[in-house]
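Shown below: work.txt, with compact mmCIF, C-alpha atoms.
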# COMPACT_ATOMS: atom_id res chain seq x y z
CA MET A 28 118.31 128.13 55.75
CA ASN A 29 115.55 129.28 58.05
CA VAL A 30 111.87 129.11 57.15
CA MET A 31 111.43 132.80 56.44
CA GLU A 32 114.49 132.83 54.19
CA ALA A 33 113.06 129.88 52.25
CA VAL A 34 109.70 131.67 51.95
CA LYS A 35 111.42 134.78 50.59
CA LYS A 36 113.71 132.84 48.25
CA ARG A 37 111.10 130.49 46.77
CA LYS A 38 110.04 131.45 43.29
CA SER A 39 108.34 129.72 40.38
CA VAL A 40 111.29 128.18 38.53
CA ARG A 41 110.63 127.86 34.81
CA ALA A 42 114.18 126.96 33.67
CA TYR A 43 116.16 124.03 35.01
CA GLU A 44 119.75 122.86 34.68
CA ASN A 45 120.29 119.65 32.77
CA ARG A 46 121.52 117.95 35.92
CA PRO A 47 119.90 115.14 37.88
CA VAL A 48 118.52 115.59 41.39
CA GLU A 49 120.46 113.45 43.84
CA GLU A 50 118.50 110.53 45.29
CA GLU A 51 118.98 111.78 48.86
CA LYS A 52 117.70 115.25 48.00
CA LEU A 53 114.67 113.83 46.20
CA ASN A 54 113.95 111.65 49.21
CA ALA A 55 114.31 114.61 51.58
CA VAL A 56 111.78 116.58 49.54
CA LEU A 57 109.36 113.64 49.55
CA GLU A 58 109.91 113.18 53.28
CA ALA A 59 108.89 116.80 53.89
CA GLY A 60 105.60 116.01 52.15
CA ARG A 61 105.15 112.76 54.01
CA LEU A 62 105.38 114.57 57.37
CA ALA A 63 102.73 117.15 56.48
CA PRO A 64 99.42 117.33 58.34
CA SER A 65 96.11 116.34 56.74
CA ALA A 66 92.46 116.32 57.74
CA SER A 67 92.04 113.59 60.39
CA ASN A 68 95.48 112.37 59.28
CA ARG A 69 93.96 110.88 56.13
CA GLN A 70 97.20 111.24 54.14
CA GLU A 71 95.37 110.91 50.86
CA TRP A 72 98.41 112.23 48.95
CA ARG A 73 100.25 110.00 46.50
CA PHE A 74 103.25 111.11 44.46
CA VAL A 75 104.31 109.72 41.11
CA VAL A 76 107.97 110.63 40.54
CA VAL A 77 108.87 110.78 36.85
CA ARG A 78 112.44 110.96 35.58
CA ASP A 79 112.12 109.22 32.20
CA PRO A 80 112.76 111.90 29.51
CA GLU A 81 110.11 110.64 27.09
CA THR A 82 107.44 110.52 29.83
CA ARG A 83 108.41 114.00 30.96
CA LYS A 84 108.03 115.29 27.42
CA ARG A 85 104.54 113.78 27.21
CA LEU A 86 103.57 115.30 30.58
CA ALA A 87 104.76 118.71 29.35
CA GLN A 88 102.52 118.29 26.31
CA ALA A 89 99.58 117.41 28.60
CA ALA A 90 100.41 120.60 30.52
CA GLY A 91 99.51 122.84 27.60
CA ASN A 92 102.90 122.35 25.92
CA GLN A 93 104.79 124.09 28.71
CA GLY A 94 108.19 122.91 27.47
CA PHE A 95 110.07 123.85 30.64
CA VAL A 96 108.05 121.32 32.61
CA GLY A 97 109.58 118.48 30.59
CA LYS A 98 113.09 119.88 30.90
CA ALA A 99 113.12 119.58 34.68
CA PRO A 100 114.94 116.34 35.59
CA VAL A 101 112.05 115.30 37.82
CA ILE A 102 108.30 115.84 37.57
CA ILE A 103 106.18 114.92 40.56
CA ALA A 104 102.53 114.21 39.81
CA ALA A 105 100.74 115.03 43.06
CA CYS A 106 97.71 112.79 43.29
CA ALA A 107 94.98 111.99 45.79
CA GLN A 108 93.66 108.58 46.63
CA THR A 109 90.48 109.94 48.12
CA ASP A 110 87.04 108.91 49.27
CA GLY A 111 85.93 112.47 48.44
CA HIS A 112 85.37 113.38 52.09
CA VAL A 113 84.02 116.90 52.51
CA MET A 114 84.88 118.79 55.69
CA LYS A 115 82.15 120.44 57.74
CA CYS A 116 83.21 123.81 56.29
CA GLY A 117 82.12 122.57 52.87
CA GLN A 118 85.56 122.00 51.33
CA PRO A 119 86.70 118.58 50.10
CA CYS A 120 89.83 117.83 52.11
CA TYR A 121 91.95 116.22 49.40
CA PRO A 122 92.99 119.31 47.36
CA ILE A 123 93.87 121.17 50.55
CA ASP A 124 95.81 118.25 52.00
CA VAL A 125 97.75 117.65 48.78
CA ALA A 126 98.55 121.38 48.68
CA ILE A 127 99.84 121.32 52.27
CA ALA A 128 102.19 118.42 51.50
CA LEU A 129 103.38 120.01 48.25
CA ASP A 130 103.99 123.31 49.97
CA HIS A 131 106.13 121.58 52.58
CA MET A 132 108.02 120.06 49.63
CA THR A 133 108.55 123.38 47.83
CA LEU A 134 110.11 124.98 50.90
CA ALA A 135 112.27 121.93 51.63
CA ALA A 136 113.40 122.06 47.98
CA VAL A 137 114.52 125.69 48.31
CA GLU A 138 116.59 124.76 51.34
CA LEU A 139 118.32 122.06 49.26
CA GLY A 140 119.12 124.49 46.43
CA LEU A 141 116.34 123.09 44.24
CA GLY A 142 113.50 124.82 42.45
CA THR A 143 109.87 123.93 41.77
CA CYS A 144 106.82 125.34 40.06
CA TRP A 145 103.13 124.70 40.82
CA ILE A 146 101.41 123.50 37.63
CA GLY A 147 97.61 123.36 37.65
CA HIS A 148 97.31 123.91 33.92
CA PHE A 149 97.19 120.34 32.63
CA ASP A 150 94.74 117.86 31.18
CA GLU A 151 94.05 115.44 34.01
CA ARG A 152 92.74 112.72 31.69
CA LYS A 153 95.89 112.80 29.57
CA VAL A 154 98.18 112.77 32.60
CA LYS A 155 96.31 109.74 33.91
CA GLU A 156 96.71 107.97 30.58
CA ILE A 157 100.45 108.73 30.43
CA LEU A 158 101.11 107.52 33.99
CA GLY A 159 98.57 104.70 34.15
CA ILE A 160 96.72 106.36 36.99
CA PRO A 161 93.39 104.68 37.85
CA GLU A 162 90.09 106.41 37.20
CA GLU A 163 89.28 106.97 40.87
CA ILE A 164 92.55 108.81 41.63
CA ARG A 165 92.69 112.60 41.24
CA VAL A 166 95.75 114.41 39.91
CA VAL A 167 95.83 117.73 41.72
CA GLU A 168 99.09 119.37 40.60
CA LEU A 169 102.21 118.65 38.57
CA MET A 170 105.46 119.86 40.07
CA PRO A 171 108.75 120.01 38.19
CA LEU A 172 111.79 119.74 40.46
CA GLY A 173 115.41 120.48 39.66
CA TYR A 174 118.32 122.86 39.94
CA PRO A 175 117.24 126.33 38.80
CA ALA A 176 119.00 127.61 35.68
CA ASP A 177 117.17 130.88 36.12
CA SER A 178 119.28 133.06 38.41
CA SER A 179 117.07 136.13 38.10
CA ALA A 180 116.28 137.99 41.29
CA VAL A 181 113.23 136.89 43.25
CA LYS A 182 110.39 139.29 42.55
CA LYS A 183 107.38 138.99 44.79
CA ASP A 184 104.65 141.08 43.26
CA ARG A 185 102.16 140.84 46.10
CA LEU A 186 99.26 142.76 47.58
CA PRO A 187 100.18 144.62 50.79
CA LEU A 188 99.19 143.20 54.18
CA GLY A 189 96.72 146.08 54.54
CA THR A 190 94.70 144.68 51.64
CA ILE A 191 94.69 141.02 52.61
CA VAL A 192 94.40 141.24 56.41
CA LYS A 193 91.38 142.42 58.39
CA TYR A 194 91.07 142.66 62.16
CA GLU A 195 88.23 141.35 64.30
CA HIS A 196 85.71 141.41 61.45
CA TRP A 197 85.58 141.60 57.64
CA MET B 28 115.44 126.92 62.53
CA ASN B 29 115.82 125.33 59.13
CA VAL B 30 112.87 124.24 57.01
CA MET B 31 113.24 120.52 57.65
CA GLU B 32 113.44 121.12 61.41
CA ALA B 33 110.24 123.17 61.24
CA VAL B 34 108.54 120.41 59.22
CA LYS B 35 109.53 117.83 61.83
CA LYS B 36 108.61 120.04 64.78
CA ARG B 37 105.22 121.23 63.50
CA LYS B 38 102.31 119.51 65.19
CA SER B 39 98.62 120.20 65.64
CA VAL B 40 98.56 122.29 68.80
CA ARG B 41 95.34 121.87 70.76
CA ALA B 42 96.38 123.66 73.98
CA TYR B 43 97.66 127.22 74.14
CA GLU B 44 99.25 129.37 76.82
CA ASN B 45 97.18 132.29 78.06
CA ARG B 46 99.73 134.71 76.62
CA PRO B 47 99.32 137.15 73.73
CA VAL B 48 101.18 136.77 70.46
CA GLU B 49 103.50 139.73 69.94
CA GLU B 50 102.47 142.07 67.13
CA GLU B 51 105.78 141.56 65.29
CA LYS B 52 105.42 137.77 65.41
CA LEU B 53 101.84 137.91 64.19
CA ASN B 54 102.94 140.17 61.35
CA ALA B 55 105.81 137.84 60.45
CA VAL B 56 103.38 134.92 60.23
CA LEU B 57 101.02 136.94 58.04
CA GLU B 58 103.95 138.08 55.89
CA ALA B 59 104.89 134.45 55.24
CA GLY B 60 101.38 133.92 53.88
CA ARG B 61 101.47 137.12 51.86
CA LEU B 62 104.63 135.95 50.06
CA ALA B 63 103.17 132.57 49.06
CA PRO B 64 102.59 131.64 45.43
CA SER B 65 99.11 131.33 43.92
CA ALA B 66 97.62 130.38 40.56
CA SER B 67 98.47 133.19 38.11
CA ASN B 68 99.38 135.24 41.20
CA ARG B 69 95.68 135.72 41.97
CA GLN B 70 96.31 136.11 45.72
CA GLU B 71 92.68 135.40 46.52
CA TRP B 72 93.52 134.83 50.19
CA ARG B 73 92.16 137.14 52.85
CA PHE B 74 92.80 136.74 56.57
CA VAL B 75 90.56 137.91 59.40
CA VAL B 76 92.64 138.09 62.58
CA VAL B 77 90.53 137.70 65.72
CA ARG B 78 91.81 138.46 69.21
CA ASP B 79 88.62 139.51 70.96
CA PRO B 80 87.83 136.82 73.60
CA GLU B 81 84.08 136.85 73.07
CA THR B 82 84.43 136.53 69.29
CA ARG B 83 86.93 133.70 69.74
CA LYS B 84 84.48 131.87 71.98
CA ARG B 85 81.76 132.20 69.34
CA LEU B 86 84.11 130.95 66.62
CA ALA B 87 84.99 127.93 68.77
CA GLN B 88 81.26 127.19 69.10
CA ALA B 89 80.89 127.44 65.31
CA ALA B 90 83.78 124.96 65.08
CA GLY B 91 81.76 122.16 66.68
CA ASN B 92 82.44 123.43 70.21
CA GLN B 93 86.17 122.77 69.99
CA GLY B 94 86.95 124.75 73.14
CA PHE B 95 90.72 124.89 72.56
CA VAL B 96 90.16 126.93 69.40
CA GLY B 97 88.72 129.78 71.45
CA LYS B 98 91.51 129.59 74.03
CA ALA B 99 94.21 130.41 71.50
CA PRO B 100 94.98 134.15 71.79
CA VAL B 101 94.55 134.56 68.04
CA ILE B 102 92.27 132.87 65.53
CA ILE B 103 92.90 133.49 61.85
CA ALA B 104 89.91 132.93 59.57
CA ALA B 105 91.48 132.07 56.21
CA CYS B 106 89.12 133.29 53.51
CA ALA B 107 89.07 133.54 49.75
CA GLN B 108 87.82 136.47 47.74
CA THR B 109 87.41 134.42 44.61
CA ASP B 110 85.85 134.51 41.18
CA GLY B 111 85.66 130.70 41.39
CA HIS B 112 88.29 130.19 38.68
CA VAL B 113 88.86 126.50 37.92
CA MET B 114 92.31 125.45 36.70
CA LYS B 115 92.66 123.34 33.56
CA CYS B 116 93.27 120.28 35.78
CA GLY B 117 89.72 120.63 37.09
CA GLN B 118 90.49 122.01 40.54
CA PRO B 119 89.22 125.41 41.72
CA CYS B 120 92.36 127.34 42.58
CA TYR B 121 91.17 129.14 45.70
CA PRO B 122 91.23 126.27 48.26
CA ILE B 123 94.69 125.24 47.07
CA ASP B 124 96.04 128.78 47.10
CA VAL B 125 94.67 129.49 50.58
CA ALA B 126 96.22 126.20 51.76
CA ILE B 127 99.62 127.17 50.32
CA ALA B 128 99.58 130.50 52.14
CA LEU B 129 98.39 128.93 55.39
CA ASP B 130 101.05 126.23 55.18
CA HIS B 131 103.74 128.89 54.77
CA MET B 132 102.25 130.50 57.89
CA THR B 133 102.25 127.28 59.95
CA LEU B 134 105.95 126.69 59.28
CA ALA B 135 106.85 130.33 59.94
CA ALA B 136 104.91 130.03 63.22
CA VAL B 137 106.93 127.01 64.33
CA GLU B 138 110.13 128.94 63.71
CA LEU B 139 108.82 131.72 65.98
CA GLY B 140 107.97 129.29 68.79
CA LEU B 141 104.26 129.43 68.00
CA GLY B 142 101.76 126.68 67.35
CA THR B 143 98.79 126.31 65.02
CA CYS B 144 96.12 123.81 64.12
CA TRP B 145 94.25 123.39 60.82
CA ILE B 146 90.50 123.54 61.50
CA GLY B 147 88.16 122.51 58.68
CA HIS B 148 85.41 121.37 61.00
CA PHE B 149 83.29 124.52 61.27
CA ASP B 150 79.99 125.89 60.09
CA GLU B 151 80.90 128.37 57.36
CA ARG B 152 77.58 130.20 57.56
CA LYS B 153 77.94 130.78 61.30
CA VAL B 154 81.55 131.95 60.96
CA LYS B 155 80.45 134.40 58.29
CA GLU B 156 77.70 135.72 60.56
CA ILE B 157 80.09 136.14 63.50
CA LEU B 158 82.73 137.97 61.45
CA GLY B 159 80.45 139.88 59.09
CA ILE B 160 81.92 138.15 56.07
CA PRO B 161 80.00 138.83 52.83
CA GLU B 162 78.06 136.10 51.07
CA GLU B 163 80.46 135.85 48.11
CA ILE B 164 83.55 135.22 50.27
CA ARG B 165 84.50 131.64 51.16
CA VAL B 166 85.94 130.68 54.56
CA VAL B 167 88.35 127.82 53.88
CA GLU B 168 90.00 127.13 57.25
CA LEU B 169 90.17 128.48 60.78
CA MET B 170 93.62 128.55 62.33
CA PRO B 171 94.27 129.16 66.04
CA LEU B 172 97.70 130.66 66.70
CA GLY B 173 99.53 130.97 70.00
CA TYR B 174 102.24 129.67 72.29
CA PRO B 175 101.81 125.91 72.74
CA ALA B 176 100.96 124.81 76.27
CA ASP B 177 101.19 121.24 75.11
CA SER B 178 104.81 120.15 75.43
CA SER B 179 104.18 116.54 74.45
CA ALA B 180 106.62 115.01 72.00
CA VAL B 181 105.90 115.36 68.32
CA LYS B 182 104.40 112.14 67.05
CA LYS B 183 104.14 111.81 63.29
CA ASP B 184 102.00 108.79 62.61
CA ARG B 185 102.48 108.65 58.85
CA LEU B 186 102.41 106.15 56.02
CA PRO B 187 105.89 105.13 54.82
CA LEU B 188 107.34 106.65 51.63
CA GLY B 189 107.01 103.24 49.99
CA THR B 190 103.22 103.52 50.24
CA ILE B 191 102.80 107.09 49.08
CA VAL B 192 105.48 107.33 46.36
CA LYS B 193 105.47 105.56 43.01
CA TYR B 194 108.13 105.78 40.31
CA GLU B 195 107.56 106.45 36.61
CA HIS B 196 103.96 105.22 36.67
CA TRP B 197 101.17 104.46 39.12
Would you mind giving the structure from this file in structure tokens?
Amino acid sequence: MNVMEAVKKRKSVRAYENRPVEEEKLNAVLEAGRLAPSASNRQEWRFVVVRDPETRKRLAQAAGNQGFVGKAPVIIAACAQTDGHVMKCGQPCYPIDVAIALDHMTLAAVELGLGTCWIGHFDERKVKEILGIPEEIRVVELMPLGYPADSSAVKKDRLPLGTIVKYEHW
Amino acid sequence: MNVMEAVKKRKSVRAYENRPVEEEKLNAVLEAGRLAPSASNRQEWRFVVVRDPETRKRLAQAAGNQGFVGKAPVIIAACAQTDGHVMKCGQPCYPIDVAIALDHMTLAAVELGLGTCWIGHFDERKVKEILGIPEEIRVVELMPLGYPADSSAVKKDRLPLGTIVKYEHW
């Protein structure tokens, strides 16, 4: 599948088959994240891969009781082991770098027939408690991963290019 | 080119051919960003596409005098028109959402034979002055785009999966 096809096909999957993700596919998804770029190659991303059903259920509860999150066979907690470095532009690099790696992973997942969903609606303190994540680590996103049960058409309700792109100046 | 090939081939391109980017390729790259997901589909991303040589030179100066930035035929200033919404996890959504769109664009660019580089080292105030960007808009990254002149092999100096991935708990 080429990149543009994956971009068009990717959607937020909120229903997953009750079917495990093969080890080699999981590793391929993680490898896509590993190869991502980061500010000064800091690679602050860390991924906690959760397959245990009880832990997944607790993570779903910490994510505002979004039940579908716990029904995915895999949940990846995307974390940052960061010194809090702020780039000259004023942005901390860790949320951006974690997002770059996760985005690589979402597109690699589509190519492998898998689905994902970006979850930013969760209680970071509770997720840390559940997974034993140290105080100094940040949890940036949760990402369920699995075979989509939702076969609905991809709908991309997006602003037109004319609204989001400007030329030469604002 | 499939997604995993694009992931492996993508590198930070710091030398560009003196050759314009075709309109259709530029639009395809922007379209990849347009189709990206964002928190609650907020689509806060805005892109200022700069081709004017003098403006590119000034942007390169604002980016700590990184001359190669100005030599790319296109610079995309990736901005956010944001209400500053913070997700329940504690992260503002706009830097993450802009990063997702830009990452889609970097991989689409590779597929089209183009190169990019993530630039977070710039003076946001100066970039805003140069491009006439209003006070309330954030500039998250600058991204040069063009045909790579640098044909060096892709080197991915990355931590092993064993260091960045944990299973079931931290």
Inset, instruction - Provide as an NGL selection string the residues of chain B at most 7 Å from chain A, counting all atoms listed in the file. - result: :B and (28-31 or 34-35 or 59 or 61-62 or 72-79 or 114-116 or 118 or 122-123 or 126-127 or 130 or 134-135 or 138 or 147-151 or 158-160 or 167 or 183 or 185 or 188 or 191-197)
Inset, instruction - Mind giving me the straight-line distance from atom CA of Pro47 of chain B to atom CA of Leu86 of chain B in Å, one decimal? - result: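 Answer for the atom CA of Pro47 of chain B to atom CA of Leu86 of chain B separation: 17.9 Å.
Counting from atom CA of Val40 of chain A, the distance to atom CA of Lys84 of chain A is 17.3 Å.
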Per-axis box centre and lengths in Å around segment 44-58 of chain B, 8 Å margin per side, axis-aligned, as AutoDock Vina command-line options:
--center_x 101.5 --center_y 135.7 --center_z 67.0 --size_x 24.6 --size_y 28.7 --size_z 38.2
Just want the 6 Å neighbourhood of Ala87 of chain B, counted on only C-alpha atoms, with same-chain residues fewer than 4 positions away dropped. Output as a short mmCIF file (atom, residue, chain, number, x, y, z; two decimals) with C-alpha atoms, in the coordinates of the input.
data_model
loop_
_atom_site.label_atom_id
_atom_site.label_comp_id
_atom_site.auth_asym_id
_atom_site.auth_seq_id
_atom_site.Cartn_x
_atom_site.Cartn_y
_atom_site.Cartn_z
CA ASN B 92 82.44 123.43 70.21
CA GLN B 93 86.17 122.77 69.99
CA GLY B 94 86.95 124.75 73.14
CA VAL B 96 90.16 126.93 69.40
CA GLY B 97 88.72 129.78 71.45
#
Inset, instruction - Mind giving me the straight-line distance from atom CA of Asn45 of chain A to atom CA of Pro100 of chain A in Å, one decimal? - result: 6.9 Å
Legend entry - Selected residue, from B:Glu81, B:Asp110, B:Glu162, B:Asp177, that lies nearest to Arg41 of chain B when counting only C-alpha atoms: B:Asp177
Legend entry - Expected residue set, 6 Å radius at (115.6, 125.6, 40.6), all atoms listed in the file, as a ChimeraX atom specification: /A:40,43,141-142,173-175
